[in-house]
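Text of entry.cif (mmCIF, N, CA and C atoms) as supplied:
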```cif
data_query
#
loop_
_atom_site.label_atom_id
_atom_site.label_comp_id
_atom_site.auth_asym_id
_atom_site.auth_seq_id
_atom_site.Cartn_x
_atom_site.Cartn_y
_atom_site.Cartn_z
N MET A 1 49.85 42.06 -28.33
CA MET A 1 48.45 42.36 -28.05
C MET A 1 47.57 41.23 -28.56
N ALA A 2 46.51 40.94 -27.88
CA ALA A 2 45.61 39.85 -28.27
C ALA A 2 44.91 40.19 -29.58
N ALA A 3 44.60 39.14 -30.31
CA ALA A 3 43.88 39.32 -31.57
C ALA A 3 42.49 39.88 -31.31
N SER A 4 41.88 39.44 -30.22
CA SER A 4 40.57 39.97 -29.86
C SER A 4 40.35 39.80 -28.37
N THR A 5 39.59 40.71 -27.80
CA THR A 5 39.23 40.64 -26.40
C THR A 5 38.01 39.74 -26.28
N PRO A 6 38.00 38.84 -25.28
CA PRO A 6 36.82 38.01 -25.11
C PRO A 6 35.56 38.86 -24.97
N ALA A 7 34.49 38.42 -25.60
CA ALA A 7 33.21 39.14 -25.56
C ALA A 7 32.46 38.72 -24.30
N VAL A 8 32.52 39.59 -23.28
CA VAL A 8 31.90 39.29 -22.00
C VAL A 8 30.97 40.44 -21.64
N ARG A 9 29.74 40.09 -21.29
CA ARG A 9 28.75 41.08 -20.85
C ARG A 9 28.29 40.70 -19.45
N VAL A 10 27.79 41.68 -18.73
CA VAL A 10 27.20 41.44 -17.41
C VAL A 10 25.80 42.01 -17.43
N ARG A 11 24.84 41.19 -17.02
CA ARG A 11 23.44 41.64 -16.96
C ARG A 11 22.78 41.07 -15.72
N ARG A 12 21.71 41.71 -15.32
CA ARG A 12 20.89 41.15 -14.23
C ARG A 12 20.06 40.02 -14.81
N VAL A 13 19.95 38.96 -14.08
CA VAL A 13 19.23 37.78 -14.54
C VAL A 13 17.74 38.06 -14.71
N TYR A 14 17.24 39.11 -14.06
CA TYR A 14 15.82 39.44 -14.14
C TYR A 14 15.46 40.18 -15.43
N GLU A 15 16.47 40.65 -16.18
CA GLU A 15 16.21 41.29 -17.46
C GLU A 15 15.81 40.23 -18.48
N ASP A 16 14.97 40.62 -19.43
CA ASP A 16 14.57 39.67 -20.47
C ASP A 16 15.78 39.23 -21.28
N PRO A 17 15.85 37.94 -21.61
CA PRO A 17 16.95 37.46 -22.47
C PRO A 17 16.96 38.23 -23.79
N SER A 18 18.16 38.42 -24.31
CA SER A 18 18.35 39.14 -25.56
C SER A 18 19.00 38.21 -26.58
N PRO A 19 18.65 38.34 -27.86
CA PRO A 19 19.26 37.47 -28.88
C PRO A 19 20.79 37.61 -28.94
N ASP A 20 21.34 38.75 -28.53
CA ASP A 20 22.79 38.92 -28.59
C ASP A 20 23.50 38.56 -27.28
N ASP A 21 22.82 37.87 -26.38
CA ASP A 21 23.43 37.42 -25.13
C ASP A 21 24.48 36.33 -25.35
N GLY A 22 24.35 35.59 -26.42
CA GLY A 22 25.27 34.47 -26.62
C GLY A 22 25.02 33.40 -25.58
N VAL A 23 26.09 32.93 -24.95
CA VAL A 23 25.98 31.91 -23.91
C VAL A 23 25.63 32.61 -22.60
N ARG A 24 24.49 32.23 -22.01
CA ARG A 24 24.01 32.84 -20.78
C ARG A 24 24.47 32.01 -19.59
N VAL A 25 25.27 32.65 -18.71
CA VAL A 25 25.90 31.93 -17.61
C VAL A 25 25.48 32.56 -16.28
N LEU A 26 24.77 31.80 -15.46
CA LEU A 26 24.41 32.26 -14.13
C LEU A 26 25.63 32.12 -13.23
N VAL A 27 26.04 33.20 -12.61
CA VAL A 27 27.24 33.16 -11.77
C VAL A 27 26.94 33.45 -10.30
N ASP A 28 25.71 33.19 -9.88
CA ASP A 28 25.32 33.27 -8.47
C ASP A 28 25.26 31.86 -7.90
N ARG A 29 25.62 31.71 -6.64
CA ARG A 29 25.59 30.39 -6.00
C ARG A 29 24.15 29.91 -5.78
N LEU A 30 23.26 30.85 -5.47
CA LEU A 30 21.86 30.50 -5.20
C LEU A 30 20.99 30.88 -6.39
N TRP A 31 19.93 30.10 -6.60
CA TRP A 31 19.00 30.43 -7.68
C TRP A 31 18.29 31.75 -7.33
N PRO A 32 18.13 32.65 -8.31
CA PRO A 32 17.49 33.95 -8.04
C PRO A 32 16.04 33.81 -7.60
N ARG A 33 15.69 34.55 -6.57
CA ARG A 33 14.32 34.52 -6.03
C ARG A 33 13.30 34.95 -7.08
N GLY A 34 12.20 34.23 -7.10
CA GLY A 34 11.07 34.61 -7.93
C GLY A 34 11.25 34.38 -9.42
N LEU A 35 12.32 33.74 -9.82
CA LEU A 35 12.58 33.52 -11.25
C LEU A 35 12.37 32.05 -11.59
N LYS A 36 11.49 31.81 -12.56
CA LYS A 36 11.26 30.44 -13.00
C LYS A 36 12.43 30.00 -13.88
N LYS A 37 12.85 28.76 -13.70
CA LYS A 37 13.98 28.25 -14.48
C LYS A 37 13.69 28.30 -15.98
N THR A 38 12.44 28.11 -16.36
CA THR A 38 12.10 28.14 -17.79
C THR A 38 12.20 29.55 -18.36
N ASP A 39 12.01 30.58 -17.53
CA ASP A 39 12.08 31.96 -18.00
C ASP A 39 13.52 32.49 -18.06
N ALA A 40 14.42 31.88 -17.31
CA ALA A 40 15.78 32.40 -17.19
C ALA A 40 16.65 32.12 -18.42
N ARG A 41 16.37 31.05 -19.11
CA ARG A 41 17.18 30.64 -20.27
C ARG A 41 18.67 30.64 -19.94
N ILE A 42 19.03 29.85 -18.95
CA ILE A 42 20.41 29.71 -18.51
C ILE A 42 21.05 28.57 -19.29
N ASP A 43 22.22 28.83 -19.87
CA ASP A 43 22.95 27.78 -20.58
C ASP A 43 23.93 27.05 -19.67
N GLU A 44 24.51 27.78 -18.72
CA GLU A 44 25.50 27.18 -17.82
C GLU A 44 25.32 27.79 -16.43
N TRP A 45 25.66 27.00 -15.41
CA TRP A 45 25.61 27.47 -14.03
C TRP A 45 26.83 26.90 -13.29
N PRO A 46 28.01 27.44 -13.54
CA PRO A 46 29.24 26.92 -12.92
C PRO A 46 29.42 27.41 -11.49
N LYS A 47 28.91 26.66 -10.54
CA LYS A 47 28.96 27.09 -9.15
C LYS A 47 30.38 27.22 -8.62
N ALA A 48 31.34 26.58 -9.29
CA ALA A 48 32.74 26.72 -8.87
C ALA A 48 33.25 28.14 -9.04
N LEU A 49 32.57 28.94 -9.88
CA LEU A 49 32.98 30.33 -10.11
C LEU A 49 32.32 31.32 -9.17
N THR A 50 31.45 30.85 -8.32
CA THR A 50 30.75 31.76 -7.42
C THR A 50 31.55 31.96 -6.14
N PRO A 51 31.44 33.12 -5.53
CA PRO A 51 32.16 33.33 -4.26
C PRO A 51 31.68 32.32 -3.21
N SER A 52 32.59 31.92 -2.34
CA SER A 52 32.22 30.98 -1.27
C SER A 52 31.15 31.61 -0.38
N THR A 53 30.43 30.74 0.30
CA THR A 53 29.41 31.21 1.24
C THR A 53 30.04 32.12 2.30
N GLU A 54 31.22 31.72 2.79
CA GLU A 54 31.90 32.51 3.82
C GLU A 54 32.23 33.91 3.29
N LEU A 55 32.73 33.99 2.06
CA LEU A 55 33.10 35.28 1.49
C LEU A 55 31.86 36.15 1.26
N ARG A 56 30.80 35.54 0.77
CA ARG A 56 29.56 36.31 0.56
C ARG A 56 29.06 36.88 1.87
N HIS A 57 29.05 36.07 2.92
CA HIS A 57 28.57 36.54 4.23
C HIS A 57 29.45 37.66 4.77
N TRP A 58 30.78 37.51 4.61
CA TRP A 58 31.68 38.56 5.06
C TRP A 58 31.41 39.87 4.32
N TYR A 59 31.29 39.78 3.00
CA TYR A 59 31.11 40.99 2.18
C TYR A 59 29.81 41.72 2.52
N HIS A 60 28.76 40.97 2.78
CA HIS A 60 27.46 41.59 3.08
C HIS A 60 27.30 41.90 4.57
N GLY A 61 28.35 41.64 5.34
CA GLY A 61 28.33 41.95 6.76
C GLY A 61 28.87 43.34 7.03
N PRO A 62 29.00 43.69 8.30
CA PRO A 62 29.41 45.05 8.67
C PRO A 62 30.84 45.41 8.26
N GLU A 63 31.73 44.42 8.12
CA GLU A 63 33.13 44.73 7.80
C GLU A 63 33.43 44.65 6.31
N GLY A 64 32.49 44.15 5.52
CA GLY A 64 32.75 43.93 4.11
C GLY A 64 32.97 45.21 3.33
N GLU A 65 34.02 45.23 2.52
CA GLU A 65 34.26 46.36 1.62
C GLU A 65 34.74 45.79 0.29
N TYR A 66 34.41 46.47 -0.79
CA TYR A 66 34.56 45.92 -2.14
C TYR A 66 35.99 45.59 -2.53
N GLU A 67 36.95 46.45 -2.24
CA GLU A 67 38.34 46.18 -2.66
C GLU A 67 38.88 44.90 -2.03
N GLU A 68 38.63 44.73 -0.74
CA GLU A 68 39.08 43.51 -0.06
C GLU A 68 38.30 42.30 -0.56
N PHE A 69 37.01 42.46 -0.78
CA PHE A 69 36.21 41.37 -1.35
C PHE A 69 36.79 40.94 -2.69
N SER A 70 37.12 41.92 -3.55
CA SER A 70 37.68 41.61 -4.87
C SER A 70 38.97 40.81 -4.74
N ARG A 71 39.85 41.24 -3.84
CA ARG A 71 41.12 40.53 -3.63
C ARG A 71 40.88 39.09 -3.18
N ARG A 72 39.97 38.91 -2.22
CA ARG A 72 39.69 37.56 -1.70
C ARG A 72 39.02 36.69 -2.77
N TYR A 73 38.13 37.28 -3.55
CA TYR A 73 37.45 36.51 -4.59
C TYR A 73 38.43 36.11 -5.70
N GLU A 74 39.34 37.00 -6.07
CA GLU A 74 40.37 36.65 -7.06
C GLU A 74 41.20 35.46 -6.57
N ALA A 75 41.49 35.42 -5.27
CA ALA A 75 42.22 34.29 -4.70
C ALA A 75 41.40 33.00 -4.82
N GLU A 76 40.09 33.09 -4.59
CA GLU A 76 39.23 31.92 -4.74
C GLU A 76 39.20 31.44 -6.19
N LEU A 77 39.25 32.38 -7.13
CA LEU A 77 39.22 32.01 -8.55
C LEU A 77 40.48 31.29 -8.99
N ALA A 78 41.54 31.37 -8.19
CA ALA A 78 42.79 30.68 -8.52
C ALA A 78 42.77 29.21 -8.09
N ALA A 79 41.79 28.81 -7.29
CA ALA A 79 41.69 27.41 -6.87
C ALA A 79 41.45 26.53 -8.10
N PRO A 80 41.93 25.29 -8.10
CA PRO A 80 41.88 24.45 -9.29
C PRO A 80 40.50 24.32 -9.96
N GLU A 81 39.47 24.04 -9.20
CA GLU A 81 38.14 23.86 -9.80
C GLU A 81 37.63 25.17 -10.42
N ALA A 82 37.83 26.28 -9.72
CA ALA A 82 37.40 27.57 -10.24
C ALA A 82 38.23 27.96 -11.46
N ALA A 83 39.54 27.72 -11.40
CA ALA A 83 40.41 28.06 -12.53
C ALA A 83 40.00 27.28 -13.78
N ALA A 84 39.64 26.02 -13.62
CA ALA A 84 39.20 25.21 -14.77
C ALA A 84 37.89 25.76 -15.34
N ALA A 85 36.96 26.15 -14.47
CA ALA A 85 35.69 26.72 -14.93
C ALA A 85 35.94 28.07 -15.61
N LEU A 86 36.87 28.84 -15.10
CA LEU A 86 37.22 30.14 -15.70
C LEU A 86 37.83 29.93 -17.09
N ASP A 87 38.70 28.94 -17.22
CA ASP A 87 39.28 28.62 -18.53
C ASP A 87 38.20 28.22 -19.52
N ARG A 88 37.21 27.46 -19.05
CA ARG A 88 36.11 27.05 -19.93
C ARG A 88 35.35 28.29 -20.44
N LEU A 89 35.06 29.24 -19.55
CA LEU A 89 34.37 30.46 -19.97
C LEU A 89 35.23 31.28 -20.92
N ARG A 90 36.54 31.31 -20.69
CA ARG A 90 37.43 32.02 -21.62
C ARG A 90 37.35 31.41 -23.01
N ASP A 91 37.33 30.08 -23.06
CA ASP A 91 37.22 29.40 -24.36
C ASP A 91 35.89 29.74 -25.04
N LEU A 92 34.82 29.74 -24.27
CA LEU A 92 33.51 30.10 -24.82
C LEU A 92 33.51 31.54 -25.32
N ALA A 93 34.11 32.45 -24.53
CA ALA A 93 34.13 33.87 -24.90
C ALA A 93 35.01 34.14 -26.12
N ALA A 94 35.95 33.26 -26.39
CA ALA A 94 36.78 33.42 -27.58
C ALA A 94 35.98 33.10 -28.85
N ARG A 95 34.89 32.34 -28.70
CA ARG A 95 34.09 31.94 -29.86
C ARG A 95 32.75 32.67 -29.96
N ASP A 96 32.21 33.12 -28.83
CA ASP A 96 30.87 33.71 -28.80
C ASP A 96 30.80 34.66 -27.62
N THR A 97 29.79 35.49 -27.62
CA THR A 97 29.55 36.36 -26.47
C THR A 97 29.17 35.50 -25.27
N VAL A 98 29.69 35.85 -24.12
CA VAL A 98 29.31 35.21 -22.86
C VAL A 98 28.67 36.30 -22.01
N THR A 99 27.44 36.05 -21.57
CA THR A 99 26.74 36.99 -20.71
C THR A 99 26.68 36.41 -19.30
N LEU A 100 27.34 37.10 -18.37
CA LEU A 100 27.33 36.71 -16.97
C LEU A 100 26.07 37.28 -16.34
N LEU A 101 25.29 36.41 -15.72
CA LEU A 101 24.00 36.80 -15.15
C LEU A 101 24.05 36.72 -13.63
N THR A 102 23.50 37.76 -13.00
CA THR A 102 23.48 37.82 -11.54
C THR A 102 22.17 38.46 -11.08
N ALA A 103 21.79 38.14 -9.86
CA ALA A 103 20.62 38.76 -9.25
C ALA A 103 21.03 40.02 -8.47
N ALA A 104 22.32 40.29 -8.36
CA ALA A 104 22.79 41.45 -7.61
C ALA A 104 22.16 42.73 -8.13
N LYS A 105 21.74 43.58 -7.20
CA LYS A 105 21.11 44.85 -7.58
C LYS A 105 22.10 45.78 -8.29
N ASP A 106 23.36 45.72 -7.88
CA ASP A 106 24.40 46.55 -8.50
C ASP A 106 25.54 45.64 -8.96
N PRO A 107 25.45 45.09 -10.17
CA PRO A 107 26.49 44.17 -10.64
C PRO A 107 27.89 44.78 -10.64
N SER A 108 28.01 46.10 -10.77
CA SER A 108 29.34 46.72 -10.80
C SER A 108 30.04 46.63 -9.44
N ALA A 109 29.30 46.41 -8.37
CA ALA A 109 29.87 46.27 -7.03
C ALA A 109 29.68 44.85 -6.52
N SER A 110 29.67 43.90 -7.43
CA SER A 110 29.50 42.51 -7.05
C SER A 110 30.61 41.66 -7.64
N HIS A 111 30.55 40.38 -7.39
CA HIS A 111 31.55 39.45 -7.91
C HIS A 111 31.56 39.40 -9.43
N THR A 112 30.45 39.77 -10.07
CA THR A 112 30.41 39.69 -11.54
C THR A 112 31.41 40.64 -12.19
N SER A 113 31.65 41.80 -11.60
CA SER A 113 32.64 42.71 -12.20
C SER A 113 34.04 42.13 -12.07
N VAL A 114 34.33 41.46 -10.96
CA VAL A 114 35.64 40.82 -10.76
C VAL A 114 35.79 39.68 -11.76
N LEU A 115 34.74 38.89 -11.91
CA LEU A 115 34.77 37.76 -12.83
C LEU A 115 34.92 38.22 -14.28
N ALA A 116 34.20 39.26 -14.67
CA ALA A 116 34.31 39.80 -16.03
C ALA A 116 35.73 40.30 -16.28
N ARG A 117 36.33 40.97 -15.30
CA ARG A 117 37.71 41.44 -15.43
C ARG A 117 38.67 40.26 -15.61
N ALA A 118 38.45 39.21 -14.86
CA ALA A 118 39.30 38.01 -14.97
C ALA A 118 39.18 37.38 -16.35
N LEU A 119 37.99 37.43 -16.92
CA LEU A 119 37.79 36.85 -18.26
C LEU A 119 38.40 37.72 -19.35
N ARG A 120 38.36 39.03 -19.18
CA ARG A 120 38.85 39.95 -20.21
C ARG A 120 40.33 40.25 -20.10
N GLY A 121 40.86 40.14 -18.88
CA GLY A 121 42.21 40.63 -18.60
C GLY A 121 43.33 39.74 -19.08
N PRO A 122 44.55 40.01 -18.58
CA PRO A 122 45.72 39.22 -18.96
C PRO A 122 45.45 37.74 -18.70
N GLY A 123 45.82 36.93 -19.65
CA GLY A 123 45.53 35.50 -19.54
C GLY A 123 44.11 35.18 -19.94
N GLY A 124 43.34 36.20 -20.29
CA GLY A 124 41.95 35.99 -20.68
C GLY A 124 41.81 35.54 -22.11
N ARG A 125 42.93 35.46 -22.80
CA ARG A 125 42.90 34.95 -24.18
C ARG A 125 42.81 33.44 -24.15
N ARG A 126 42.49 32.89 -25.22
CA ARG A 126 42.38 31.46 -25.40
C ARG A 126 43.57 30.78 -24.96
#
```
Could you show the structure in this file as structure tokens?
Amino acid sequence: MAASTPAVRVRRVYEDPSPDDGVRVLVDRLWPRGLKKTDARIDEWPKALTPSTELRHWYHGPEGEYEEFSRRYEAELAAPEAAAALDRLRDLAARDTVTLLTAAKDPSASHTSVLARALRGPGGRR
């Protein structure tokens, strides 16, 4: 068993920053509408961890469903650039809280829940 589970939180980027957010990581490909960069207090924006444009369009289209989206997104996270960015976040989460930020109205049904699971799950240790 791991000595500790990585400290990963998911929040909407529109919520006010909190002192216990730790490292604030925007995980959306596009900058959130109506949010000033100075107000967001983003520490990192690893676009390699965001779902591809094609996957986002499919998911938000008529055929998109969450389980299949999750499977396809997990496959994208295995690509070399995304895997390296994921490893970096795992290292950060081993030392401090990492807060994944998204503009999604329902983060539990978005890529952020898949990403948080990948950070916390098997292989999510340092």
Checklist line | Residues returned when the PyMOL selection byres (((chain A and resi 16 and name CA) around 12) and name CA) runs on this file, as a PyMOL selection string | finding: chain A and resi 11-15+17-21+24+35+39-42+101
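When only C-alpha atoms are used to measure the gap to Trp31 (chain A), the shortest distance among A:Ala83, A:Leu89, A:Thr102, A:Glu44 belongs to A:Thr102.
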Note to self: What does the structure give for the distance between atom N of Ala79 (chain A) and CA of Ala48 (chain A), in Å to one decimal?
What the structure shows: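 For atom N of Ala79 (chain A) relative to CA of Ala48 (chain A), the distance reads 9.4 Å.
Residues selected in this file by the PyMOL selection byres (((chain A and resi 71 and name CA) around 12) and name CA) comprise Pro51, Leu55, Tyr59, Gly64, Glu65, Tyr66, Glu67, Glu68, Phe69, Ser70, Arg72, Tyr73, Glu74, Ala75, Glu76, Leu77, Ala78, His111, Val114, Leu115 and Ala118 of chain A.
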How would the residues just picked look written out with N, CA and C atoms as a PDB file, keeping the file's coordinate frame?
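Dumped everything to out25.pdb:
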```pdb
ATOM      1  N   PRO A  51      31.440  33.120  -5.530  1.00  0.00           N
ATOM      2  CA  PRO A  51      32.160  33.330  -4.260  1.00  0.00           C
ATOM      3  C   PRO A  51      31.680  32.320  -3.210  1.00  0.00           C
ATOM      4  N   LEU A  55      32.730  33.990   2.060  1.00  0.00           N
ATOM      5  CA  LEU A  55      33.100  35.280   1.490  1.00  0.00           C
ATOM      6  C   LEU A  55      31.860  36.150   1.260  1.00  0.00           C
ATOM      7  N   TYR A  59      31.290  39.780   3.000  1.00  0.00           N
ATOM      8  CA  TYR A  59      31.110  40.990   2.180  1.00  0.00           C
ATOM      9  C   TYR A  59      29.810  41.720   2.520  1.00  0.00           C
ATOM     10  N   GLY A  64      32.490  44.150   5.520  1.00  0.00           N
ATOM     11  CA  GLY A  64      32.750  43.930   4.110  1.00  0.00           C
ATOM     12  C   GLY A  64      32.970  45.210   3.330  1.00  0.00           C
ATOM     13  N   GLU A  65      34.020  45.230   2.520  1.00  0.00           N
ATOM     14  CA  GLU A  65      34.260  46.360   1.620  1.00  0.00           C
ATOM     15  C   GLU A  65      34.740  45.790   0.290  1.00  0.00           C
ATOM     16  N   TYR A  66      34.410  46.470  -0.790  1.00  0.00           N
ATOM     17  CA  TYR A  66      34.560  45.920  -2.140  1.00  0.00           C
ATOM     18  C   TYR A  66      35.990  45.590  -2.530  1.00  0.00           C
ATOM     19  N   GLU A  67      36.950  46.450  -2.240  1.00  0.00           N
ATOM     20  CA  GLU A  67      38.340  46.180  -2.660  1.00  0.00           C
ATOM     21  C   GLU A  67      38.880  44.900  -2.030  1.00  0.00           C
ATOM     22  N   GLU A  68      38.630  44.730  -0.740  1.00  0.00           N
ATOM     23  CA  GLU A  68      39.080  43.510  -0.060  1.00  0.00           C
ATOM     24  C   GLU A  68      38.300  42.300  -0.560  1.00  0.00           C
ATOM     25  N   PHE A  69      37.010  42.460  -0.780  1.00  0.00           N
ATOM     26  CA  PHE A  69      36.210  41.370  -1.350  1.00  0.00           C
ATOM     27  C   PHE A  69      36.790  40.940  -2.690  1.00  0.00           C
ATOM     28  N   SER A  70      37.120  41.920  -3.550  1.00  0.00           N
ATOM     29  CA  SER A  70      37.680  41.610  -4.870  1.00  0.00           C
ATOM     30  C   SER A  70      38.970  40.810  -4.740  1.00  0.00           C
ATOM     31  N   ARG A  72      39.970  38.910  -2.220  1.00  0.00           N
ATOM     32  CA  ARG A  72      39.690  37.560  -1.700  1.00  0.00           C
ATOM     33  C   ARG A  72      39.020  36.690  -2.770  1.00  0.00           C
ATOM     34  N   TYR A  73      38.130  37.280  -3.550  1.00  0.00           N
ATOM     35  CA  TYR A  73      37.450  36.510  -4.590  1.00  0.00           C
ATOM     36  C   TYR A  73      38.430  36.110  -5.700  1.00  0.00           C
ATOM     37  N   GLU A  74      39.340  37.000  -6.070  1.00  0.00           N
ATOM     38  CA  GLU A  74      40.370  36.650  -7.060  1.00  0.00           C
ATOM     39  C   GLU A  74      41.200  35.460  -6.570  1.00  0.00           C
ATOM     40  N   ALA A  75      41.490  35.420  -5.270  1.00  0.00           N
ATOM     41  CA  ALA A  75      42.220  34.290  -4.700  1.00  0.00           C
ATOM     42  C   ALA A  75      41.400  33.000  -4.820  1.00  0.00           C
ATOM     43  N   GLU A  76      40.090  33.090  -4.590  1.00  0.00           N
ATOM     44  CA  GLU A  76      39.230  31.920  -4.740  1.00  0.00           C
ATOM     45  C   GLU A  76      39.200  31.440  -6.190  1.00  0.00           C
ATOM     46  N   LEU A  77      39.250  32.380  -7.130  1.00  0.00           N
ATOM     47  CA  LEU A  77      39.220  32.010  -8.550  1.00  0.00           C
ATOM     48  C   LEU A  77      40.480  31.290  -8.990  1.00  0.00           C
ATOM     49  N   ALA A  78      41.540  31.370  -8.190  1.00  0.00           N
ATOM     50  CA  ALA A  78      42.790  30.680  -8.520  1.00  0.00           C
ATOM     51  C   ALA A  78      42.770  29.210  -8.090  1.00  0.00           C
ATOM     52  N   HIS A 111      30.550  40.380  -7.390  1.00  0.00           N
ATOM     53  CA  HIS A 111      31.550  39.450  -7.910  1.00  0.00           C
ATOM     54  C   HIS A 111      31.560  39.400  -9.430  1.00  0.00           C
ATOM     55  N   VAL A 114      34.330  41.460 -10.960  1.00  0.00           N
ATOM     56  CA  VAL A 114      35.640  40.820 -10.760  1.00  0.00           C
ATOM     57  C   VAL A 114      35.790  39.680 -11.760  1.00  0.00           C
ATOM     58  N   LEU A 115      34.740  38.890 -11.910  1.00  0.00           N
ATOM     59  CA  LEU A 115      34.770  37.760 -12.830  1.00  0.00           C
ATOM     60  C   LEU A 115      34.920  38.220 -14.280  1.00  0.00           C
ATOM     61  N   ALA A 118      38.450  39.210 -14.860  1.00  0.00           N
ATOM     62  CA  ALA A 118      39.300  38.010 -14.970  1.00  0.00           C
ATOM     63  C   ALA A 118      39.180  37.380 -16.350  1.00  0.00           C
TER      64      ALA A 118
END
```
Margin query: Measuring between all atoms listed in the file, which one of A:Glu63, A:Gly22, A:Asp28, A:Lys105 shows the shortest distance to Asp43 (chain A)?
Written below: A:Gly22
Checklist line | Contact residues around Leu92 (chain A) with only N, CA and C atoms at 8 Å, ignoring same-chain residues under 3 positions, as an NGL selection string | finding: :A and (6-7 or 23 or 86-89 or 95-98 or 126)
Would you mind exporting the chosen residues as a PDB file, in the frame of the given file, restricted to N, CA and C atoms?
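Now in again.pdb:
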```
ATOM      1  N   PRO A   6      38.000  38.840 -25.280  1.00  0.00           N
ATOM      2  CA  PRO A   6      36.820  38.010 -25.110  1.00  0.00           C
ATOM      3  C   PRO A   6      35.560  38.860 -24.970  1.00  0.00           C
ATOM      4  N   ALA A   7      34.490  38.420 -25.600  1.00  0.00           N
ATOM      5  CA  ALA A   7      33.210  39.140 -25.560  1.00  0.00           C
ATOM      6  C   ALA A   7      32.460  38.720 -24.300  1.00  0.00           C
ATOM      7  N   VAL A  23      26.090  32.930 -24.950  1.00  0.00           N
ATOM      8  CA  VAL A  23      25.980  31.910 -23.910  1.00  0.00           C
ATOM      9  C   VAL A  23      25.630  32.610 -22.600  1.00  0.00           C
ATOM     10  N   LEU A  86      36.870  28.840 -15.100  1.00  0.00           N
ATOM     11  CA  LEU A  86      37.220  30.140 -15.700  1.00  0.00           C
ATOM     12  C   LEU A  86      37.830  29.930 -17.090  1.00  0.00           C
ATOM     13  N   ASP A  87      38.700  28.940 -17.220  1.00  0.00           N
ATOM     14  CA  ASP A  87      39.280  28.620 -18.530  1.00  0.00           C
ATOM     15  C   ASP A  87      38.200  28.220 -19.520  1.00  0.00           C
ATOM     16  N   ARG A  88      37.210  27.460 -19.050  1.00  0.00           N
ATOM     17  CA  ARG A  88      36.110  27.050 -19.930  1.00  0.00           C
ATOM     18  C   ARG A  88      35.350  28.290 -20.440  1.00  0.00           C
ATOM     19  N   LEU A  89      35.060  29.240 -19.550  1.00  0.00           N
ATOM     20  CA  LEU A  89      34.370  30.460 -19.970  1.00  0.00           C
ATOM     21  C   LEU A  89      35.230  31.280 -20.920  1.00  0.00           C
ATOM     22  N   ARG A  95      34.890  32.340 -28.700  1.00  0.00           N
ATOM     23  CA  ARG A  95      34.090  31.940 -29.860  1.00  0.00           C
ATOM     24  C   ARG A  95      32.750  32.670 -29.960  1.00  0.00           C
ATOM     25  N   ASP A  96      32.210  33.120 -28.830  1.00  0.00           N
ATOM     26  CA  ASP A  96      30.870  33.710 -28.800  1.00  0.00           C
ATOM     27  C   ASP A  96      30.800  34.660 -27.620  1.00  0.00           C
ATOM     28  N   THR A  97      29.790  35.490 -27.620  1.00  0.00           N
ATOM     29  CA  THR A  97      29.550  36.360 -26.470  1.00  0.00           C
ATOM     30  C   THR A  97      29.170  35.500 -25.270  1.00  0.00           C
ATOM     31  N   VAL A  98      29.690  35.850 -24.120  1.00  0.00           N
ATOM     32  CA  VAL A  98      29.310  35.210 -22.860  1.00  0.00           C
ATOM     33  C   VAL A  98      28.670  36.300 -22.010  1.00  0.00           C
ATOM     34  N   ARG A 126      42.490  32.890 -25.220  1.00  0.00           N
ATOM     35  CA  ARG A 126      42.380  31.460 -25.400  1.00  0.00           C
ATOM     36  C   ARG A 126      43.570  30.780 -24.960  1.00  0.00           C
TER      37      ARG A 126
END
```
Item checked: For atom N of Arg9 (chain A) and atom N of Pro107 (chain A), the interatomic separation in Å (one decimal) -> 12.9 Å
Next item on the list: Choose the residue, out of A:Ala82, A:Arg120, A:Arg33, A:His60, that has the smallest atom-to-atom separation from Pro46 (chain A); count only C-alpha atoms.
Entry: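 Smallest separation from Pro46 (chain A) among the options: A:Ala82.
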